[in-house]
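Visitor: Handing you a structure now.
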Amino acid sequence: MEESSKNAGAGTCSQKQPAVMMELKNVYKNYGRITAVAGVSFQVMQGEIFGLLGPNGAGKTTTIRMLNTLTRPTTGELYVAGYQVAGNQVEVKRRIGVVPQQNNLEKELTGRENLILHALLHKVPRSEREKTIKELLDYVGLSSRADERVQNYSGGMARRLLIARALVHHPPVLFLDEPTIGLDPQTRRKIWDLIQLMNRDGMTVLLTTHYIEEADSLCHRVGIIDHGRLIALGTPAELKESLGKYCVEFLNKQGTERCFFHSRSEARDYAQEKDCDTVVRRTNLEDVFVELTGREARELAAK
Ligand SMILES: Nc1ncnc2c1ncn2[C@@H]1O[C@H](COP(=O)(O)OP(=O)(O)O)[C@@H](O)[C@H]1O
Ligand SMILES: [Mg+2]
C-alpha cells in the first residue's frame, strides 16, 4: 500500500511517514435488500485514533466487523496491517484487538481468568502469559479486582477488562465499537484516557461512536457516516472550518437557524443586525452533521 504524507501526530519520533494501517476501497455490504454500507473508502494511518461517527443504523458496526474479518463485504476491498482481509483472516486476526459493543466476557469467570482464556486462544506463550496479564490488569486499573467474578463488575470495569482482553496478544491495531456507550460521564473520561494512553504507546485505533464530543476530543480524524455512506472525512478542526469556525444561532418560526462565518467579527456583525436573540459560538461537529444531513443532531446524540 502507498505511504501517505499525512502525519497522525501520535508521538512517533522517527522522520518516517506513517504507514497505512487500514484501508477500505469502495466497500459495499448488503443484507438482502438493506444496504448497510454503500461504497465506503478511507484510510487509517499508523498512530492515528480514527473515529467513525454516525447515528444508529448508519453502518458503523458493519464496517468494523468487515475490518475484523467477522463479516464479508458484498463488494470492495479491505486491508488491515498490510494484509488484504479476504484470504488472510488468520494474519489479520493476529494483528488486531477487538472491543465489541456488547459485553461478551465470561461472567462466571474472574477478570484474570477471562484474560488467561483469551491468551490461551491466541496461543500467547506460557512464559509470557502471566507477566502480560499482570501488566495489562495494571494498565487498565483492575489489579485489585482481578480475582473477582466479572458478574460483580460495573459497566466501566467490564469495558476496561474488554480493552485489556483485546491487548493480550499485543496487537498493533485496536478496534473499539462504541467504547463508552451507556457509561456515565466520569467513567467515559477514564476510557478516553485509556485510549489516549494506548495510542501514545503506539497503537493505531479505530473506534465508532455516536457521541459527538467523543469524536471531537479523542480522534485525530473523523469519518461521518450516514445511511452507509461516508459523508465527511477530516480532522475535527478541518470539518468545522469547512463550515466556518463561528456560528450564529437564533430561533425563527421554522425552528433553530444557524449561519456560519470564518471570523468572530463577521459573526458578531451579523448577530448585531438580527432583531432577535442570537448566540455566537464556535462551530462544533454537531453542526457539521446537521448541515450535511439536514437532520437534527438529536438523532445522533439520543441513540
Ligand atoms: N446481520 C444483519 N442482518 C440484516 N441487517 C443488518 C445486519 N446487521 C446490520 N444490519 C442493518 O444494517 C444497517 C447498519 O447497521 P449497523 O452497521 O449495525 O449500524 P450502526 O452500527 O451504525 O448502528 C442497519 O439498517 C441494520 O439494521
Ligand atoms: Mg453499531
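Chain labels follow the order of the C-alpha cells: the first chain is A, the next B, and so on; residue numbering restarts at 1 in every chain, and ligands are counted from 1 in their shown order.
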Would you tabulate, counting only C-alpha atoms and all ligand atoms, all residues of chain A that have an atom at most 9 Å from an atom of ligand 2, showing the closest pair of atoms and their distance in Å to one decimal, sorted by chain then ascending number, as a tab-separated table?
Guide:
residue	atom	partner	partner_atom_place_in_ligand_line	distance
A:Pro55	CA	ligand 2	1 (Mg)	8.8
A:Asn56	CA	ligand 2	1 (Mg)	6.6
A:Gly57	CA	ligand 2	1 (Mg)	6.8
A:Ala58	CA	ligand 2	1 (Mg)	7.9
A:Gly59	CA	ligand 2	1 (Mg)	7.0
A:Lys60	CA	ligand 2	1 (Mg)	5.4
A:Thr61	CA	ligand 2	1 (Mg)	4.1
A:Thr62	CA	ligand 2	1 (Mg)	7.3
A:Ile64	CA	ligand 2	1 (Mg)	8.8
A:Gln101	CA	ligand 2	1 (Mg)	7.2
A:Asp177	CA	ligand 2	1 (Mg)	6.7
A:Glu178	CA	ligand 2	1 (Mg)	7.0
A:Thr208	CA	ligand 2	1 (Mg)	7.5
A:Thr209	CA	ligand 2	1 (Mg)	8.2
A:His210	CA	ligand 2	1 (Mg)	9.0
Visitor: How would the residues just chosen look if you wrote them out with all heavy atoms as an mmCIF file, in the first residue's frame?
Guide:
data_model
loop_
_atom_site.group_PDB
_atom_site.id
_atom_site.type_symbol
_atom_site.label_atom_id
_atom_site.label_comp_id
_atom_site.auth_asym_id
_atom_site.auth_seq_id
_atom_site.Cartn_x
_atom_site.Cartn_y
_atom_site.Cartn_z
ATOM 1 N N PRO A 55 -25.181 8.146 13.278
ATOM 2 C CA PRO A 55 -26.339 7.740 14.073
ATOM 3 C C PRO A 55 -26.542 6.234 14.054
ATOM 4 O O PRO A 55 -25.894 5.515 13.291
ATOM 5 C CB PRO A 55 -27.509 8.470 13.410
ATOM 6 C CG PRO A 55 -27.068 8.726 12.017
ATOM 7 C CD PRO A 55 -25.572 8.855 12.060
ATOM 8 N N ASN A 56 -27.462 5.782 14.880
ATOM 9 C CA ASN A 56 -27.812 4.367 14.934
ATOM 10 C C ASN A 56 -28.222 3.882 13.542
ATOM 11 O O ASN A 56 -28.967 4.569 12.846
ATOM 12 C CB ASN A 56 -28.990 4.232 15.918
ATOM 13 C CG ASN A 56 -29.090 2.862 16.491
ATOM 14 O OD1 ASN A 56 -28.160 2.058 16.387
ATOM 15 N ND2 ASN A 56 -30.233 2.579 17.081
ATOM 16 N N GLY A 57 -27.691 2.752 13.141
ATOM 17 C CA GLY A 57 -28.068 2.174 11.849
ATOM 18 C C GLY A 57 -27.287 2.730 10.672
ATOM 19 O O GLY A 57 -27.552 2.388 9.521
ATOM 20 N N ALA A 58 -26.270 3.566 10.945
ATOM 21 C CA ALA A 58 -25.517 4.221 9.857
ATOM 22 C C ALA A 58 -24.598 3.257 9.120
ATOM 23 O O ALA A 58 -24.205 3.523 7.979
ATOM 24 C CB ALA A 58 -24.700 5.378 10.425
ATOM 25 N N GLY A 59 -24.218 2.155 9.778
ATOM 26 C CA GLY A 59 -23.308 1.191 9.144
ATOM 27 C C GLY A 59 -21.951 1.099 9.837
ATOM 28 O O GLY A 59 -21.024 0.495 9.300
ATOM 29 N N LYS A 60 -21.845 1.645 11.044
ATOM 30 C CA LYS A 60 -20.562 1.666 11.758
ATOM 31 C C LYS A 60 -20.121 0.251 12.154
ATOM 32 O O LYS A 60 -19.000 -0.154 11.876
ATOM 33 C CB LYS A 60 -20.651 2.542 13.018
ATOM 34 C CG LYS A 60 -21.096 3.969 12.764
ATOM 35 C CD LYS A 60 -21.148 4.782 14.036
ATOM 36 C CE LYS A 60 -22.150 4.316 15.074
ATOM 37 N NZ LYS A 60 -23.551 4.410 14.648
ATOM 38 N N THR A 61 -21.012 -0.482 12.802
ATOM 39 C CA THR A 61 -20.653 -1.828 13.270
ATOM 40 C C THR A 61 -20.366 -2.739 12.078
ATOM 41 O O THR A 61 -19.409 -3.524 12.104
ATOM 42 C CB THR A 61 -21.788 -2.410 14.153
ATOM 43 O OG1 THR A 61 -21.900 -1.598 15.320
ATOM 44 C CG2 THR A 61 -21.507 -3.845 14.568
ATOM 45 N N THR A 62 -21.146 -2.618 11.031
ATOM 46 C CA THR A 62 -20.910 -3.455 9.843
ATOM 47 C C THR A 62 -19.521 -3.170 9.284
ATOM 48 O O THR A 62 -18.790 -4.091 8.922
ATOM 49 C CB THR A 62 -21.997 -3.183 8.781
ATOM 50 O OG1 THR A 62 -23.281 -3.359 9.399
ATOM 51 C CG2 THR A 62 -21.871 -4.126 7.599
ATOM 52 N N ILE A 64 -16.866 -2.006 10.889
ATOM 53 C CA ILE A 64 -15.847 -2.528 11.814
ATOM 54 C C ILE A 64 -15.795 -4.055 11.725
ATOM 55 O O ILE A 64 -14.716 -4.650 11.724
ATOM 56 C CB ILE A 64 -16.128 -2.002 13.257
ATOM 57 C CG1 ILE A 64 -14.850 -1.535 13.913
ATOM 58 C CG2 ILE A 64 -16.752 -2.999 14.145
ATOM 59 C CD1 ILE A 64 -15.063 -0.830 15.245
ATOM 60 N N GLN A 101 -19.112 -3.946 21.042
ATOM 61 C CA GLN A 101 -20.077 -3.096 21.761
ATOM 62 C C GLN A 101 -20.720 -3.854 22.919
ATOM 63 O O GLN A 101 -20.879 -3.341 24.010
ATOM 64 C CB GLN A 101 -21.143 -2.608 20.772
ATOM 65 C CG GLN A 101 -22.086 -1.603 21.375
ATOM 66 C CD GLN A 101 -23.096 -1.092 20.358
ATOM 67 O OE1 GLN A 101 -22.795 -0.964 19.174
ATOM 68 N NE2 GLN A 101 -24.276 -0.798 20.817
ATOM 69 N N ASP A 177 -15.846 -0.725 19.259
ATOM 70 C CA ASP A 177 -17.183 -0.391 18.757
ATOM 71 C C ASP A 177 -17.975 0.247 19.891
ATOM 72 O O ASP A 177 -18.330 -0.430 20.858
ATOM 73 C CB ASP A 177 -17.869 -1.667 18.238
ATOM 74 C CG ASP A 177 -19.075 -1.347 17.365
ATOM 75 O OD1 ASP A 177 -19.359 -0.150 17.120
ATOM 76 O OD2 ASP A 177 -19.742 -2.307 16.922
ATOM 77 N N GLU A 178 -18.231 1.530 19.777
ATOM 78 C CA GLU A 178 -18.961 2.305 20.798
ATOM 79 C C GLU A 178 -18.391 2.038 22.197
ATOM 80 O O GLU A 178 -19.086 1.534 23.083
ATOM 81 C CB GLU A 178 -20.466 1.931 20.782
ATOM 82 C CG GLU A 178 -21.110 2.050 19.425
ATOM 83 C CD GLU A 178 -21.838 3.360 19.202
ATOM 84 O OE1 GLU A 178 -21.742 4.240 20.070
ATOM 85 O OE2 GLU A 178 -22.466 3.500 18.156
ATOM 86 N N THR A 208 -15.819 3.480 16.824
ATOM 87 C CA THR A 208 -17.085 4.016 16.329
ATOM 88 C C THR A 208 -17.757 4.720 17.496
ATOM 89 O O THR A 208 -17.541 4.360 18.656
ATOM 90 C CB THR A 208 -18.047 2.917 15.838
ATOM 91 O OG1 THR A 208 -18.565 2.235 16.980
ATOM 92 C CG2 THR A 208 -17.353 1.933 14.910
ATOM 93 N N THR A 209 -18.526 5.710 17.180
ATOM 94 C CA THR A 209 -19.236 6.419 18.247
ATOM 95 C C THR A 209 -20.411 7.198 17.665
ATOM 96 O O THR A 209 -20.409 7.547 16.489
ATOM 97 C CB THR A 209 -18.287 7.374 19.016
ATOM 98 O OG1 THR A 209 -18.980 7.931 20.128
ATOM 99 C CG2 THR A 209 -17.768 8.508 18.149
ATOM 100 N N HIS A 210 -21.415 7.414 18.510
ATOM 101 C CA HIS A 210 -22.440 8.379 18.109
ATOM 102 C C HIS A 210 -22.397 9.586 19.046
ATOM 103 O O HIS A 210 -23.248 10.451 18.994
ATOM 104 C CB HIS A 210 -23.833 7.739 18.074
ATOM 105 C CG HIS A 210 -24.283 7.226 19.397
ATOM 106 N ND1 HIS A 210 -24.129 5.923 19.767
ATOM 107 C CD2 HIS A 210 -24.858 7.851 20.446
ATOM 108 C CE1 HIS A 210 -24.594 5.761 20.994
ATOM 109 N NE2 HIS A 210 -25.048 6.922 21.432
#
Visitor: At a cut-off of 12 Å, using only C-alpha atoms, what residues contact segment 252-257 of chain A? Leave out same-chain residues fewer than 6 positions from it and give the result as a count of residues only.
Guide: 13
Visitor: Going by DSSP on the backbone, which bits of segment 227-288 of chain A are strand (DSSP E or B)? Write them as number ranges by chain, please.
Guide: A: 229-234, 246-252, 255-261, 278-282
Visitor: In terms of the shortest atom-to-atom distance over only C-alpha atoms, which of A:Leu142, A:Ala267, A:Val205, A:Leu230 is closest to Ser154 of chain A?
Guide: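 Closest candidate: A:Leu142.
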Visitor: Any idea what the distance is between atom CA of Ser217 of chain A and atom CA of Val80 of chain A?
Guide: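 Distance between the two atoms: 24.9 Å.
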Visitor: Rank A:Gly51, A:Trp192, A:Tyr270, A:His170 by their smallest atom-to-atom distance to Pro236 of chain A, using only C-alpha atoms, and report the top residue only.
Guide: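 The shortest atom-to-atom distance to Pro236 of chain A comes from A:Gly51.
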Visitor: List the neighbours of Ile34 of chain A out to 12 Å using only C-alpha atoms; skip same-chain residues closer than 2 positions along the sequence, and give me the result as a ChimeraX atom specification.
Guide: /A:28-32,36-38,57-59,62,74,227-228
Visitor: Could you please write out, as a PyMOL selection string, every residue of segment 116-255 of chain A that DSSP assigns to helix (DSSP H, G or I)?
Guide: chain A and resi 116-121+126-139+143-145+150-152+155-167+185-200+212-218+236-243
Visitor: Fewer than 6 positions away in the same chain doesn't count, so skip those; otherwise give me all residues within 10 Å of segment 158-164 of chain A, counting only C-alpha atoms, as a ChimeraX atom specification.
Guide: /A:97-105,107,111-112,114-115,132-133,135-142,146,150-152,174-176,179-181,183,187-188,190-191,194-195
Visitor: Taking 4 positions as the minimum chain separation for residues in the same chain, which residues sit within 8 Å of Glu77 of chain A when counting only C-alpha atoms? Answer as number ranges by chain.
Guide: A: 24-27, 73, 84-86
Visitor: Counting only C-alpha atoms and all ligand atoms, which of A:Val124, A:Leu53, A:Leu233, A:Ile116 gets nearest to ligand 1?
Guide: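 Answer, going by the shortest atom-to-atom distance: A:Leu53.
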Visitor: Using only C-alpha atoms and all ligand atoms for the distances, tell me which of A:Gly182, A:Pro18, A:Gly244, A:Gly54 is nearest to ligand 1.
Guide: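 Between A:Gly182, A:Pro18, A:Gly244, A:Gly54, the residue approaching ligand 1 most closely is A:Gly54.
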Visitor: So which one's closest to Glu23 of chain A, A:Leu70, A:Val168, A:Ala81, A:Val280? Using only C-alpha atoms, please.
Guide: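 Using only C-alpha atoms, Glu23 of chain A sits closest to A:Ala81.
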Visitor: Write out as an mmCIF file with N, CA and C atoms, in the first residue's frame the residues lying within 10 Å of Ala232 of chain A, counting only C-alpha atoms and excluding same-chain residues fewer than 5 positions away.
Guide:
data_model
loop_
_atom_site.group_PDB
_atom_site.id
_atom_site.type_symbol
_atom_site.label_atom_id
_atom_site.label_comp_id
_atom_site.auth_asym_id
_atom_site.auth_seq_id
_atom_site.Cartn_x
_atom_site.Cartn_y
_atom_site.Cartn_z
ATOM 1 N N LEU A 53 -18.110 8.312 13.065
ATOM 2 C CA LEU A 53 -19.200 8.949 13.805
ATOM 3 C C LEU A 53 -20.474 8.870 12.972
ATOM 4 N N VAL A 222 -11.870 12.083 11.759
ATOM 5 C CA VAL A 222 -13.230 11.562 11.912
ATOM 6 C C VAL A 222 -13.829 11.338 10.532
ATOM 7 N N GLY A 223 -14.498 10.206 10.376
ATOM 8 C CA GLY A 223 -15.322 9.982 9.198
ATOM 9 C C GLY A 223 -16.773 10.013 9.651
ATOM 10 N N ILE A 224 -17.573 10.896 9.060
ATOM 11 C CA ILE A 224 -19.003 10.920 9.428
ATOM 12 C C ILE A 224 -19.732 10.002 8.472
ATOM 13 N N ILE A 225 -20.450 9.045 9.025
ATOM 14 C CA ILE A 225 -21.138 8.027 8.213
ATOM 15 C C ILE A 225 -22.647 8.134 8.451
ATOM 16 N N ASP A 226 -23.385 8.054 7.350
ATOM 17 C CA ASP A 226 -24.849 8.178 7.424
ATOM 18 C C ASP A 226 -25.441 7.341 6.298
ATOM 19 N N LEU A 239 -13.153 19.733 9.627
ATOM 20 C CA LEU A 239 -14.591 19.590 9.363
ATOM 21 C C LEU A 239 -15.350 20.834 9.810
ATOM 22 N N VAL A 288 -21.714 20.220 11.839
ATOM 23 C CA VAL A 288 -21.289 19.596 10.578
ATOM 24 C C VAL A 288 -22.300 18.518 10.190
ATOM 25 N N PHE A 289 -22.672 17.692 11.160
ATOM 26 C CA PHE A 289 -23.648 16.634 10.887
ATOM 27 C C PHE A 289 -24.984 17.217 10.417
ATOM 28 N N LEU A 292 -24.769 18.700 6.886
ATOM 29 C CA LEU A 292 -24.599 17.724 5.812
ATOM 30 C C LEU A 292 -25.823 16.850 5.596
#
Visitor: Tell me, in Å to one decimal, how far atom CA of Val44 of chain A is from atom CA of Thr204 of chain A.
Guide: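 Atom-to-atom, atom CA of Val44 of chain A to atom CA of Thr204 of chain A, that is 8.1 Å.
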Visitor: When distances are computed from only C-alpha atoms and all ligand atoms, which of A:Arg189, A:Arg258, A:Arg229, A:Lys240 shows the smallest separation from ligand 1?
Guide: A:Arg229
